[in-house]
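Below is entry.cif, holding mmCIF, C-alpha atoms and all ligand atoms.
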```cif
data_work
loop_
_atom_site.label_atom_id
_atom_site.label_comp_id
_atom_site.auth_asym_id
_atom_site.auth_seq_id
_atom_site.Cartn_x
_atom_site.Cartn_y
_atom_site.Cartn_z
CA MET A 1 -113.25 -8.01 -1.98
CA SER A 2 -111.80 -7.92 -5.40
CA SER A 3 -109.27 -10.46 -6.40
CA CYS A 4 -105.71 -9.40 -6.81
CA GLU A 5 -105.26 -6.01 -8.40
CA GLU A 6 -102.17 -6.12 -10.60
CA TYR A 7 -103.25 -3.42 -12.99
CA HIS A 8 -102.87 0.28 -13.51
CA ARG A 9 -106.26 1.66 -14.50
CA ARG A 10 -107.22 4.67 -16.59
CA THR A 11 -110.45 6.00 -18.01
CA ALA A 12 -110.86 7.76 -21.34
CA VAL A 13 -114.08 9.72 -21.74
CA THR A 14 -115.55 10.17 -25.17
CA ARG A 15 -118.86 11.26 -26.65
CA LEU A 16 -120.61 8.78 -28.95
CA ALA A 17 -122.42 9.55 -32.19
CA VAL A 18 -125.67 7.65 -31.75
CA SER A 19 -128.49 7.55 -34.29
CA GLU A 20 -132.02 8.20 -33.05
CA PRO A 21 -133.20 4.58 -33.42
CA ASP A 22 -130.07 3.39 -31.56
CA ALA A 23 -130.63 6.01 -28.86
CA THR A 24 -134.08 4.54 -28.23
CA VAL A 25 -132.54 1.11 -27.79
CA LEU A 26 -129.87 2.46 -25.44
CA ARG A 27 -132.45 4.35 -23.37
CA GLN A 28 -134.35 1.11 -22.96
CA THR A 29 -131.09 -0.64 -21.96
CA VAL A 30 -130.42 2.05 -19.33
CA SER A 31 -133.85 1.53 -17.89
CA GLU A 32 -133.47 -2.26 -17.76
CA TRP A 33 -130.02 -1.88 -16.23
CA LYS A 34 -131.28 0.38 -13.43
CA GLU A 35 -134.05 -2.10 -12.74
CA GLY A 36 -131.61 -5.03 -12.71
CA CYS A 37 -129.31 -3.29 -10.22
CA GLN A 38 -132.28 -2.34 -8.06
CA ILE A 39 -133.57 -5.92 -7.97
CA ALA A 40 -130.11 -7.12 -6.92
CA VAL A 41 -129.74 -4.51 -4.18
CA ASP A 42 -133.27 -5.07 -2.89
CA MET A 43 -132.64 -8.79 -2.58
CA ALA A 44 -129.20 -8.55 -1.03
CA TRP A 45 -129.31 -5.36 0.99
CA ASP A 46 -127.66 -5.54 4.37
CA HIS A 47 -126.68 -9.18 4.29
CA CYS A 48 -124.73 -9.91 1.14
CA GLN A 49 -121.82 -8.08 -0.40
CA SER A 50 -119.91 -10.84 -2.15
CA LYS A 51 -120.20 -10.78 -5.93
CA SER A 52 -120.55 -14.52 -6.29
CA ASP A 53 -123.13 -14.84 -3.50
CA LEU A 54 -125.12 -11.97 -4.88
CA GLN A 55 -125.03 -13.48 -8.33
CA ARG A 56 -126.40 -16.76 -6.97
CA LEU A 57 -129.09 -14.85 -5.12
CA ALA A 58 -130.36 -12.42 -7.75
CA TYR A 59 -129.33 -13.58 -11.21
CA ASP A 60 -132.43 -15.64 -12.02
CA THR A 61 -134.80 -12.94 -10.81
CA ILE A 62 -133.05 -10.32 -12.92
CA ARG A 63 -133.30 -12.53 -15.98
CA ASP A 64 -137.00 -13.16 -15.25
CA GLN A 65 -137.99 -9.59 -14.54
CA THR A 66 -135.83 -7.58 -16.93
CA GLU A 67 -134.69 -7.90 -20.50
CA LEU A 68 -131.01 -7.79 -19.61
CA GLY A 69 -128.84 -10.39 -21.29
CA SER A 70 -126.93 -12.93 -19.20
CA GLN A 71 -123.68 -10.97 -18.97
CA HIS A 72 -125.44 -7.72 -18.09
CA ALA A 73 -127.44 -9.54 -15.41
CA ILE A 74 -124.13 -10.69 -13.93
CA LEU A 75 -122.68 -7.19 -14.15
CA ALA A 76 -125.76 -5.78 -12.41
CA CYS A 77 -125.20 -8.25 -9.53
CA HIS A 78 -121.56 -7.17 -9.31
CA GLN A 79 -122.51 -3.51 -9.40
CA ALA A 80 -124.95 -4.05 -6.53
CA ALA A 81 -122.32 -6.02 -4.57
CA ASP A 82 -119.81 -3.17 -4.92
CA ASN A 83 -122.38 -0.62 -3.80
CA ILE A 84 -123.47 -2.69 -0.79
CA ALA A 85 -119.85 -3.30 0.21
CA SER A 86 -119.10 0.40 0.14
CA CYS A 87 -122.26 1.18 2.15
CA ILE A 88 -121.20 -1.34 4.77
CA ALA A 89 -117.71 0.16 4.91
CA GLN A 90 -119.16 3.64 5.36
CA ARG A 91 -121.50 2.44 8.06
CA ASN A 92 -118.66 0.71 9.87
CA ALA A 93 -116.80 4.00 9.76
CA GLY A 94 -119.73 5.56 11.62
CA GLN A 95 -121.55 7.19 8.73
CA GLU A 96 -125.25 6.87 8.09
CA VAL A 97 -126.09 5.01 4.92
CA SER A 98 -129.28 4.04 3.16
CA LYS A 99 -130.02 1.47 0.50
CA PRO A 100 -128.85 2.62 -2.95
CA ASN A 101 -131.43 3.77 -5.47
CA TYR A 102 -130.44 3.42 -9.08
CA THR A 103 -131.61 6.63 -10.69
CA SER A 104 -128.61 7.79 -12.71
CA PRO A 105 -128.75 6.97 -16.42
CA THR A 106 -125.72 4.70 -16.78
CA VAL A 107 -124.94 1.14 -17.85
CA ALA A 108 -121.80 -0.82 -17.02
CA TYR A 109 -119.91 -2.63 -19.75
CA ASP A 110 -117.05 -5.08 -19.83
CA SER A 111 -115.07 -6.76 -22.57
CA ARG A 112 -117.85 -9.32 -23.09
CA THR A 113 -120.58 -6.76 -23.56
CA MET A 114 -118.65 -4.23 -25.60
CA THR A 115 -116.12 -4.32 -28.39
CA LEU A 116 -113.76 -1.48 -29.16
CA TYR A 117 -112.62 -1.05 -32.76
CA ARG A 118 -109.57 1.06 -32.18
CA ASP A 119 -108.61 1.74 -35.78
CA ALA A 120 -112.14 2.57 -36.85
CA GLU A 121 -112.69 4.57 -33.64
CA GLN A 122 -115.95 2.76 -33.10
CA VAL A 123 -117.54 0.76 -30.36
CA SER A 124 -120.27 -1.86 -30.33
CA LEU A 125 -122.44 -2.19 -27.27
CA THR A 126 -124.70 -5.03 -26.14
CA THR A 127 -128.25 -3.87 -25.50
CA SER A 128 -131.19 -5.33 -23.62
CA GLY A 129 -133.70 -7.64 -25.17
CA ASP A 130 -133.07 -9.57 -28.33
CA ARG A 131 -131.84 -6.55 -30.22
CA SER A 132 -128.51 -6.70 -31.93
CA ARG A 133 -125.60 -4.62 -30.74
CA VAL A 134 -125.50 -0.88 -31.26
CA ARG A 135 -122.44 0.32 -33.13
CA ALA A 136 -121.39 3.94 -32.70
CA ASP A 137 -118.53 6.25 -33.67
CA LEU A 138 -116.36 7.68 -30.93
CA VAL A 139 -116.43 11.46 -31.15
CA LEU A 140 -112.90 12.20 -30.09
CA PRO A 141 -111.48 15.69 -29.73
CA PRO A 142 -110.09 16.97 -33.06
CA ASP A 143 -106.69 17.44 -31.48
CA GLU A 144 -104.63 14.38 -32.42
CA ASP A 145 -102.92 14.55 -29.05
CA GLY A 146 -106.09 14.15 -27.03
CA TYR A 147 -105.30 12.13 -23.91
CA GLN A 148 -107.73 9.43 -25.09
CA ASP A 149 -105.38 8.51 -27.93
CA GLN A 150 -102.59 7.40 -25.65
CA TYR A 151 -104.86 4.57 -24.45
CA LEU A 152 -106.72 3.92 -27.70
CA ASP A 153 -103.56 3.81 -29.79
CA SER A 154 -101.51 1.67 -27.47
CA ASP A 155 -101.62 -2.11 -27.33
CA GLU A 156 -100.27 -1.92 -23.80
CA TRP A 157 -103.63 -0.72 -22.55
CA GLU A 158 -106.34 -3.34 -22.75
CA LEU A 159 -110.05 -2.73 -22.52
CA ALA A 160 -111.52 -3.04 -19.01
CA GLU A 161 -114.76 -2.16 -17.19
CA SER A 162 -116.43 0.81 -18.84
CA THR A 163 -119.59 2.84 -18.30
CA LEU A 164 -122.10 4.35 -20.69
CA HIS A 165 -123.62 7.65 -19.51
CA HIS A 166 -126.61 9.54 -20.87
CA ARG A 167 -126.54 13.19 -19.88
CA GLY A 168 -127.74 16.41 -21.45
CA GLY A 169 -129.24 14.44 -24.31
CA GLU A 170 -125.83 13.09 -25.30
CA TRP A 171 -124.22 9.67 -24.89
CA TYR A 172 -120.79 9.41 -23.33
CA LEU A 173 -118.65 6.36 -22.89
CA HIS A 174 -116.15 6.20 -20.04
CA ILE A 175 -113.83 3.61 -21.50
CA GLY A 176 -111.81 1.77 -18.88
CA PHE A 177 -108.30 0.63 -19.72
CA ARG A 178 -105.87 -1.43 -17.76
CA LYS A 179 -102.22 -2.32 -18.01
CA LEU A 180 -100.24 -4.82 -15.99
CA LYS A 181 -98.15 -3.24 -13.26
CA PRO A 182 -94.44 -3.85 -13.53
CA GLU A 183 -93.25 -6.53 -11.18
CA ARG A 184 -90.02 -7.04 -9.39
CA GLN A 185 -87.66 -8.98 -11.56
CA THR A 186 -88.29 -12.59 -10.68
CA THR A 187 -85.85 -15.39 -11.27
CA GLU A 188 -86.79 -19.04 -11.26
CA ASN A 189 -86.22 -18.87 -7.53
CA GLY A 190 -88.68 -16.12 -6.75
CA THR A 191 -90.04 -16.13 -3.19
CA VAL A 192 -93.42 -15.37 -1.68
CA LEU A 193 -94.48 -14.44 1.81
CA GLY A 194 -97.64 -16.23 3.03
CA VAL A 195 -100.07 -14.27 5.21
CA ASP A 196 -102.95 -15.66 7.26
CA LEU A 197 -105.65 -13.27 8.48
CA GLY A 198 -107.52 -13.78 11.72
CA VAL A 199 -109.52 -12.26 14.50
CA SER A 200 -107.09 -12.39 17.41
CA GLN A 201 -103.99 -12.11 15.25
CA ILE A 202 -104.93 -9.77 12.46
CA ALA A 203 -102.08 -11.18 10.37
CA VAL A 204 -99.47 -13.91 10.77
CA THR A 205 -96.73 -14.42 8.18
CA SER A 206 -94.90 -17.54 7.04
CA THR A 207 -91.78 -15.87 8.45
CA ALA A 208 -93.43 -15.99 11.89
CA GLY A 209 -94.32 -12.33 12.11
CA PHE A 210 -97.35 -11.94 14.37
CA TYR A 211 -99.51 -8.83 14.17
CA SER A 212 -101.86 -8.93 17.10
CA ALA A 213 -105.38 -7.56 16.82
CA GLY A 214 -105.57 -7.33 20.62
CA LYS A 215 -105.22 -3.56 20.92
CA LEU A 216 -107.46 -2.96 17.93
CA ASN A 217 -110.21 -5.19 19.32
CA HIS A 218 -109.85 -3.58 22.75
CA GLU A 219 -110.18 -0.07 21.32
CA ARG A 220 -113.22 -1.10 19.34
CA ARG A 221 -114.93 -2.41 22.45
CA GLU A 222 -114.16 0.92 24.13
CA PHE A 223 -115.68 2.81 21.21
CA ASP A 224 -118.75 0.54 21.37
CA ARG A 225 -119.12 1.19 25.08
CA LEU A 226 -118.86 4.94 24.54
CA ARG A 227 -121.44 4.77 21.78
CA ARG A 228 -123.89 2.80 23.90
CA SER A 229 -123.62 5.19 26.81
CA LEU A 230 -124.14 8.17 24.50
CA GLN A 231 -127.20 6.51 23.00
CA ALA A 232 -128.58 5.76 26.46
CA HIS A 233 -128.30 9.37 27.58
CA GLY A 234 -129.65 10.75 24.33
CA SER A 235 -128.55 14.34 24.90
CA ARG A 236 -129.20 17.10 22.40
CA ASN A 237 -125.70 16.74 21.03
CA ALA A 238 -125.80 12.95 21.09
CA HIS A 239 -126.12 12.58 17.36
CA ARG A 240 -123.14 14.80 16.62
CA THR A 241 -121.08 13.22 19.36
CA LEU A 242 -121.94 9.78 18.00
CA GLU A 243 -120.80 10.86 14.59
CA SER A 244 -117.51 12.08 15.94
CA VAL A 245 -117.00 8.82 17.85
CA GLY A 246 -117.57 6.99 14.58
CA GLU A 247 -115.03 9.17 12.82
CA LYS A 248 -112.45 8.71 15.55
CA GLU A 249 -112.93 4.97 15.49
CA GLY A 250 -112.64 4.88 11.71
CA GLU A 251 -109.45 6.93 11.87
CA TYR A 252 -107.99 4.75 14.59
CA VAL A 253 -108.73 1.53 12.70
CA LYS A 254 -107.37 2.89 9.44
CA HIS A 255 -104.22 4.10 11.15
CA THR A 256 -103.65 0.66 12.70
CA LEU A 257 -104.26 -1.13 9.40
CA HIS A 258 -101.90 1.21 7.56
CA ARG A 259 -99.19 0.39 10.09
CA VAL A 260 -99.71 -3.36 9.78
CA ALA A 261 -99.74 -3.09 5.97
CA LYS A 262 -96.49 -1.13 6.02
CA GLU A 263 -94.85 -3.72 8.27
CA LEU A 264 -96.08 -6.62 6.11
CA VAL A 265 -94.50 -5.03 3.04
CA GLU A 266 -91.29 -4.40 4.98
CA GLU A 267 -91.31 -8.01 6.12
CA ALA A 268 -91.61 -9.19 2.50
CA LEU A 269 -88.71 -6.95 1.44
CA ARG A 270 -86.56 -8.03 4.39
CA TYR A 271 -86.90 -11.65 3.26
CA ASN A 272 -86.23 -10.82 -0.39
CA CYS A 273 -89.74 -11.82 -1.40
CA ASN A 274 -91.19 -11.00 -4.81
CA GLY A 275 -94.78 -11.14 -3.68
CA ILE A 276 -97.22 -11.46 -0.81
CA VAL A 277 -99.97 -14.08 -0.80
CA PHE A 278 -103.22 -13.86 1.13
CA GLU A 279 -106.20 -16.17 1.27
CA ASP A 280 -109.22 -15.14 -0.83
CA LEU A 281 -111.23 -12.76 1.28
CA GLU A 282 -114.53 -13.84 -0.20
CA GLY A 283 -116.43 -15.84 2.39
CA ILE A 284 -113.84 -15.17 5.10
CA ARG A 285 -116.57 -14.28 7.58
CA GLU A 286 -118.06 -17.74 7.23
CA ARG A 287 -114.65 -19.33 7.74
CA LEU A 288 -113.88 -17.30 10.85
CA PRO A 289 -116.78 -17.76 13.26
CA ALA A 290 -115.61 -14.94 15.51
CA ALA A 291 -115.36 -12.44 12.67
CA ASP A 292 -118.04 -9.80 12.13
CA TRP A 293 -118.63 -7.05 9.60
CA HIS A 294 -115.87 -5.09 11.34
CA SER A 295 -113.31 -7.82 10.75
CA GLU A 296 -114.34 -8.38 7.18
CA TRP A 297 -114.08 -4.68 6.50
CA ALA A 298 -110.70 -4.55 8.23
CA PHE A 299 -109.33 -7.46 6.17
CA ASP A 300 -110.54 -5.83 3.02
CA ARG A 301 -108.89 -2.54 3.96
CA LEU A 302 -105.68 -4.23 5.02
CA PHE A 303 -105.49 -6.11 1.73
CA ASN A 304 -105.97 -2.90 -0.23
CA TYR A 305 -103.38 -1.02 1.80
CA VAL A 306 -100.84 -3.81 1.32
CA GLU A 307 -101.57 -3.89 -2.38
CA TYR A 308 -101.10 -0.15 -2.63
CA LYS A 309 -97.84 -0.06 -0.67
CA ALA A 310 -96.50 -3.19 -2.35
CA SER A 311 -97.04 -1.70 -5.82
CA PHE A 312 -94.44 0.98 -5.07
CA GLU A 313 -91.90 -1.68 -4.20
CA GLY A 314 -92.61 -3.78 -7.28
CA LEU A 315 -94.04 -6.59 -5.16
CA PHE A 316 -97.05 -8.48 -6.44
CA VAL A 317 -99.96 -9.31 -4.18
CA ASP A 318 -102.12 -12.32 -4.88
CA THR A 319 -104.71 -14.52 -3.22
CA VAL A 320 -105.26 -18.26 -3.12
CA ASN A 321 -108.21 -20.50 -2.40
CA PRO A 322 -108.02 -21.11 1.38
CA LYS A 323 -109.42 -24.65 1.20
CA ASN A 324 -107.81 -26.81 3.91
CA THR A 325 -105.18 -24.20 4.77
CA SER A 326 -106.37 -24.10 8.38
CA ILE A 327 -106.55 -27.88 8.92
CA ARG A 328 -103.53 -29.05 6.91
CA CYS A 329 -100.21 -29.73 8.58
CA ALA A 330 -97.58 -27.54 6.90
CA GLU A 331 -94.86 -30.02 7.93
CA CYS A 332 -96.24 -33.32 6.63
CA GLY A 333 -99.30 -32.35 4.58
CA TYR A 334 -101.77 -34.41 6.67
CA ILE A 335 -105.26 -32.90 6.51
CA HIS A 336 -107.71 -33.46 9.35
CA GLU A 337 -110.27 -31.33 11.19
CA SER A 338 -109.08 -32.61 14.54
CA SER A 339 -105.60 -31.15 14.06
CA ARG A 340 -107.06 -27.70 14.61
CA GLN A 341 -107.30 -27.89 18.38
CA SER A 342 -108.61 -24.38 18.99
CA ARG A 343 -108.57 -20.99 17.41
CA SER A 344 -104.85 -20.64 18.01
CA GLU A 345 -103.56 -24.19 18.46
CA PHE A 346 -102.64 -26.67 15.79
CA GLU A 347 -101.44 -30.19 16.55
CA CYS A 348 -100.98 -32.61 13.67
CA GLY A 349 -102.67 -35.99 14.22
CA ASN A 350 -100.07 -37.62 11.97
CA CYS A 351 -96.60 -36.22 12.74
CA GLY A 352 -97.34 -34.49 16.03
CA ASN A 353 -96.20 -31.07 14.77
CA ARG A 354 -97.47 -28.46 17.22
CA ASN A 355 -97.67 -24.87 16.17
CA HIS A 356 -99.67 -21.69 16.28
CA ALA A 357 -102.66 -22.40 14.02
CA ASP A 358 -102.40 -19.10 12.11
CA TYR A 359 -98.67 -19.55 11.55
CA ASN A 360 -99.29 -23.06 10.23
CA ALA A 361 -102.02 -21.63 7.96
CA ALA A 362 -99.72 -18.86 6.65
CA LYS A 363 -97.26 -21.53 5.46
CA ASN A 364 -100.07 -23.49 3.82
CA ILE A 365 -101.30 -20.37 2.03
CA ALA A 366 -97.81 -19.80 0.64
CA GLU A 367 -97.51 -23.45 -0.36
CA THR A 368 -100.91 -23.41 -2.08
CA TYR A 369 -99.60 -20.52 -4.12
CA LEU A 370 -96.53 -22.54 -5.18
CA TRP A 371 -98.72 -25.41 -6.35
CA ARG A 372 -100.88 -23.04 -8.33
CA GLU A 373 -97.83 -21.32 -9.81
CA GLN A 374 -96.62 -24.69 -11.08
CA GLN A 375 -99.87 -25.20 -12.97
CA SER A 376 -100.35 -21.61 -14.07
CA SER A 377 -99.85 -20.45 -17.63
CA ARG A 378 -98.79 -17.01 -16.47
CA ARG A 379 -95.84 -17.95 -14.27
CA ARG A 380 -94.06 -15.44 -12.11
CA GLY A 381 -91.03 -17.63 -11.62
CA VAL A 382 -91.81 -18.19 -7.96
CA SER A 383 -90.60 -21.51 -6.57
CA GLN A 384 -90.30 -21.02 -2.83
CA TYR A 385 -91.79 -19.34 0.19
CA ALA A 386 -90.04 -17.54 2.98
CA LEU A 387 -89.75 -18.94 6.48
CA LYS A 388 -87.93 -17.28 9.35
CA SER A 389 -84.72 -19.24 8.93
CA GLY A 390 -84.83 -20.38 5.32
CA THR A 391 -87.04 -21.02 2.36
CA MET A 392 -89.33 -23.93 1.49
CA ARG A 393 -89.54 -25.37 -2.03
CA LEU A 394 -92.07 -27.88 -3.28
CA ASN A 395 -89.51 -30.38 -4.46
CA ARG A 396 -86.35 -29.68 -2.55
CA GLY A 397 -87.89 -28.85 0.80
CA PHE A 398 -86.31 -26.60 3.37
CA ILE A 399 -83.14 -24.66 2.53
CA PRO A 400 -81.63 -22.60 5.36
CA TYR A 401 -80.66 -19.01 4.55
CA SER A 402 -77.08 -19.91 5.52
CA GLU A 403 -76.90 -22.12 2.43
CA GLN A 404 -78.24 -19.43 0.14
CA SER A 405 -75.40 -17.11 -0.72
CA GLU A 406 -77.57 -14.50 -2.37
CA VAL A 407 -79.58 -13.84 0.73
CA GLU A 408 -76.79 -13.97 3.30
CA SER A 409 -76.33 -10.24 3.38
CA MET A 410 -79.88 -9.73 4.44
CA ASP A 411 -79.33 -11.49 7.75
CA LYS A 412 -77.73 -8.34 9.05
CA SER A 413 -80.72 -6.21 8.28
CA ARG A 414 -83.28 -8.74 9.43
CA SER A 415 -85.32 -8.81 12.58
CA ASN A 416 -85.90 -5.28 13.71
CA SER A 417 -89.64 -5.72 13.63
CA GLU A 418 -91.71 -5.17 16.73
CA SER A 419 -93.84 -8.19 16.05
CA THR A 420 -93.52 -11.37 18.07
CA ARG A 421 -91.61 -14.20 16.50
CA MET A 422 -91.60 -17.95 16.73
CA SER A 423 -89.24 -20.55 15.43
CA ASP A 424 -90.02 -22.13 12.10
CA HIS A 425 -90.72 -25.56 13.43
CA GLY A 426 -92.68 -25.06 16.58
CA ARG A 427 -93.25 -22.90 19.56
CA ASP A 428 -90.39 -20.96 21.05
CA SER A 429 -90.15 -21.93 24.66
ZN ZN B 1 -97.99 -33.30 10.33
#
```
Mind turning the file's structure into structure tokens?
Ligand SMILES: [Zn+2]
Amino acid sequence: MSSCEEYHRRTAVTRLAVSEPDATVLRQTVSEWKEGCQIAVDMAWDHCQSKSDLQRLAYDTIRDQTELGSQHAILACHQAADNIASCIAQRNAGQEVSKPNYTSPTVAYDSRTMTLYRDAEQVSLTTSGDRSRVRADLVLPPDEDGYQDQYLDSDEWELAESTLHHRGGEWYLHIGFRKLKPERQTTENGTVLGVDLGVSQIAVTSTAGFYSAGKLNHERREFDRLRRSLQAHGSRNAHRTLESVGEKEGEYVKHTLHRVAKELVEEALRYNCNGIVFEDLEGIRERLPAADWHSEWAFDRLFNYVEYKASFEGLFVDTVNPKNTSIRCAECGYIHESSRQSRSEFECGNCGNRNHADYNAAKNIAETYLWREQQSSRRRGVSQYALKSGTMRLNRGFIPYSEQSEVESMDKSRSNSESTRMSDHGRDS
């Protein structure tokens, strides 16, 4: 899972003028790069798709066995992690996948391994080994209005992940650019919605919106049963039927996740939020013992769908470190393992606050975001998170919606969601 995606991305393709000695160096770099990616995939295949885990696993070996520099060794790990993650997603959608083989003549670059000289229309690229960088002219179309210029000539577009390609004897650079997405106008009192992800409740919001995974999990078990019985009978058409079961399951899951994502964005808008905050998805499978590849894939998808839908509404989507969010009391701040009574029950050992564990966690996720926002250099002007009946601020505490004139009008439009609701301070009886 990538961290928050707040950028528009574009790619400008250009040919490079490369001298013969430089081309030799770049060909060697391509070969080392392919080997680095292959080492990473071979070491991590099937069991590791997180960039940081993969880096820990394969970085030293890549540095030992190839001539890639440190940053390119890291990029090779990240490349392999992306490829494994997409294989796993395809497999979970019922498609057959095999371990990637790095045969295409490409090398990934980022802003640490390449420098773009916009005015000179040149680029310098890190190469393998101890060789210095290769500097090459961009061969842009003669037409001044080539689409590449709108990115190259504009300060708004900053350099992002790029790829060098060698094809037909020529070198091409796919230069990645990114630009911050516009955000909803935030005031100093901007609001976020906290969202906790889980196995039995796929999502629970700080406004007490519960999105059950019950039906989804039930359907998946049904698909599994169908698959097993097809495999057992092994008819001539079994393979094709299995494939179609996989497709149907994939479609069903995607449809469900799209619906939940849509409702989460609607929930954020209903409560006048400026953004939606999730926990970091990296390592979520280790944190949720009942989660499997399916769940991890589903969380990843859900996050991406929310991000996509939120971008149209000008809402930002961000993630926070989930440390302690499941064992901290959102009412008094007391942190203890024993407060988490079971998967769904939370009872604070200090103040006695009893609540649904995921709901308590959703509030903590939102609060963690507020703390981080206070320390961040790039502030969004967010100072509170949304609850069902008011907002919570770090310093001033709970403020009911009835005391907030600017949000009064929204009361009328609130609460037409199908999801189950609970009171802010405990279980509804
Ligand atoms: Zn407490």
Quick one: residues within 7 Å of region 130-142 of chain A, only C-alpha atoms counted, chain neighbours fewer than 6 positions away excluded, as a list of chain:residue names?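 Result of the neighbour search: A:Thr14, A:Arg15, A:Leu16, A:Ala17, A:Val18, A:Asp22, A:Glu121, A:Gln122, A:Val123, A:Ser124.
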Produce as a ChimeraX atom specification the set of residues near ligand ZN 1 (chain B), where near means within 7 Å with all atoms listed in the file considered. /A:329-334,348-353
Residue contacts of Gln201 (chain A) (10 Å, all atoms listed in the file) excluding same-chain residues fewer than 5 positions away, as a ChimeraX atom specification: /A:196,210-214,344,358-359
Judged by only C-alpha atoms, the minimum distance to Ala120 (chain A) among A:Glu266, A:Asp64, A:Asp153, A:Glu96 is found for A:Asp153
For the atom pair CA of Gly275 (chain A) and CA of Leu288 (chain A), what is the interatomic distance in Å to one decimal place? 24.8 Å
For each of A:Ala238, A:Ala81, A:Ala93, A:Val306, take the minimum atom-to-atom distance to Val253 (chain A), counting all atoms listed in the file, then give the residue where this is smallest. A:Ala93
Distance query Pro289 (chain A) at most 12 Å, all atoms listed in the file, self and fewer than 2 positions along chain excluded, as a PyMOL selection string: chain A and resi 198-200+283-287+291-293+295-296+342-343
With a cut-off of 9 Å, could you pull out the residues of region 168-245 of chain A touching region 255-263 of chain A and give me the nearest pair of atoms for each, distance in Å to one decimal, using all atoms listed in the file, ordered by chain and ascending number, as a Markdown table?
```
| residue | atom | partner | partner_atom | distance |
| --- | --- | --- | --- | --- |
| A:Ile202 | CA | A:Val260 | CA | 8.7 |
| A:Ala203 | CA | A:Val260 | CA | 8.2 |
| A:Tyr211 | CA | A:Val260 | CA | 7.0 |
| A:Leu216 | CA | A:Thr256 | CA | 7.4 |
```
From the set A:Thr66, A:Asn324, A:Asp42, A:Leu264, which residue has the shortest atom-to-atom contact distance to Phe303 (chain A), counting all atoms listed in the file?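 Closest candidate: A:Leu264.
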Work out how far apart CA of Gln71 (chain A) and CA of Lys181 (chain A) are and give it in Å to one decimal.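 Separation between CA of Gln71 (chain A) and CA of Lys181 (chain A): 27.3 Å.
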Using the file's own x, y and z axes, so that the box edges lie along x, y and z, what centre and edge lengths in Å (one decimal) does a box around every listed atom of region 60-67 of chain A get when 8 Å is added on each side? Give it as AutoDock Vina command-line options.
```
--center_x -135.2 --center_y -11.6 --center_z -15.7 --size_x 21.6 --size_y 24.1 --size_z 25.7
```
Mind checking which residues fall within 9 Å of Glu156 (chain A), counting all atoms listed in the file, ignoring those fewer than 5 positions away in the same chain, and posting them as a list in words?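 Selected residues are Tyr151, Arg178, Lys179 and Leu180 of chain A.
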Which of these, A:Val382, A:Ala268, A:Ala80, A:Val41, has the shortest distance to Thr207 (chain A) once you count all atoms listed in the file?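 That would be A:Ala268, the residue with the smallest distance to Thr207 (chain A).
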Option closest in space to Ala298 (chain A), from A:Phe316, A:Tyr59, A:Tyr369, A:Tyr252 [counting all atoms listed in the file]: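 Nearest candidate to Ala298 (chain A) out of A:Phe316, A:Tyr59, A:Tyr369, A:Tyr252: A:Tyr252.
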So the first atom is CA of Ser383 (chain A) and the second is CA of Gly190 (chain A); what is the distance between them in Å, to one decimal place?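 Separating CA of Ser383 (chain A) from CA of Gly190 (chain A) is a distance of 5.7 Å.
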Counting all atoms listed in the file, write as a short mmCIF file (atom, residue, chain, number, x, y, z; two decimals) with C-alpha atoms, in the coordinates of the input all protein and nucleic acid residues lying at most 10 Å from (-104.8, -26.3, 4.0) in the file's frame.
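Saved as point_34.cif:
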```cif
data_model
loop_
_atom_site.label_atom_id
_atom_site.label_comp_id
_atom_site.auth_asym_id
_atom_site.auth_seq_id
_atom_site.Cartn_x
_atom_site.Cartn_y
_atom_site.Cartn_z
CA ASN A 321 -108.21 -20.50 -2.40
CA PRO A 322 -108.02 -21.11 1.38
CA LYS A 323 -109.42 -24.65 1.20
CA ASN A 324 -107.81 -26.81 3.91
CA THR A 325 -105.18 -24.20 4.77
CA SER A 326 -106.37 -24.10 8.38
CA ILE A 327 -106.55 -27.88 8.92
CA ARG A 328 -103.53 -29.05 6.91
CA CYS A 329 -100.21 -29.73 8.58
CA ALA A 330 -97.58 -27.54 6.90
CA GLY A 333 -99.30 -32.35 4.58
CA TYR A 334 -101.77 -34.41 6.67
CA ILE A 335 -105.26 -32.90 6.51
CA HIS A 336 -107.71 -33.46 9.35
CA ASN A 360 -99.29 -23.06 10.23
CA ALA A 361 -102.02 -21.63 7.96
CA ALA A 362 -99.72 -18.86 6.65
CA LYS A 363 -97.26 -21.53 5.46
CA ASN A 364 -100.07 -23.49 3.82
CA ILE A 365 -101.30 -20.37 2.03
CA GLU A 367 -97.51 -23.45 -0.36
CA THR A 368 -100.91 -23.41 -2.08
#
```
Using only C-alpha atoms, pick whichever of A:Ala58, A:Leu75, A:Ile39, A:Leu370 has the shortest atom-to-atom distance to Asn189 (chain A). A:Leu370
(-101.6, -26.4, 15.2) in this file's frame - what residues fall within 7 Å of it? Use all atoms listed in the file and give the answer as a PyMOL selection string. chain A and resi 339-341+345-348+354-357+360
Shell around region 230-232 of chain A at 9 Å using only C-alpha atoms, local window under 6 positions removed, as a list of chain:residue names: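 The contact residues come out as A:Ala238, A:His239, A:Thr241, A:Leu242.
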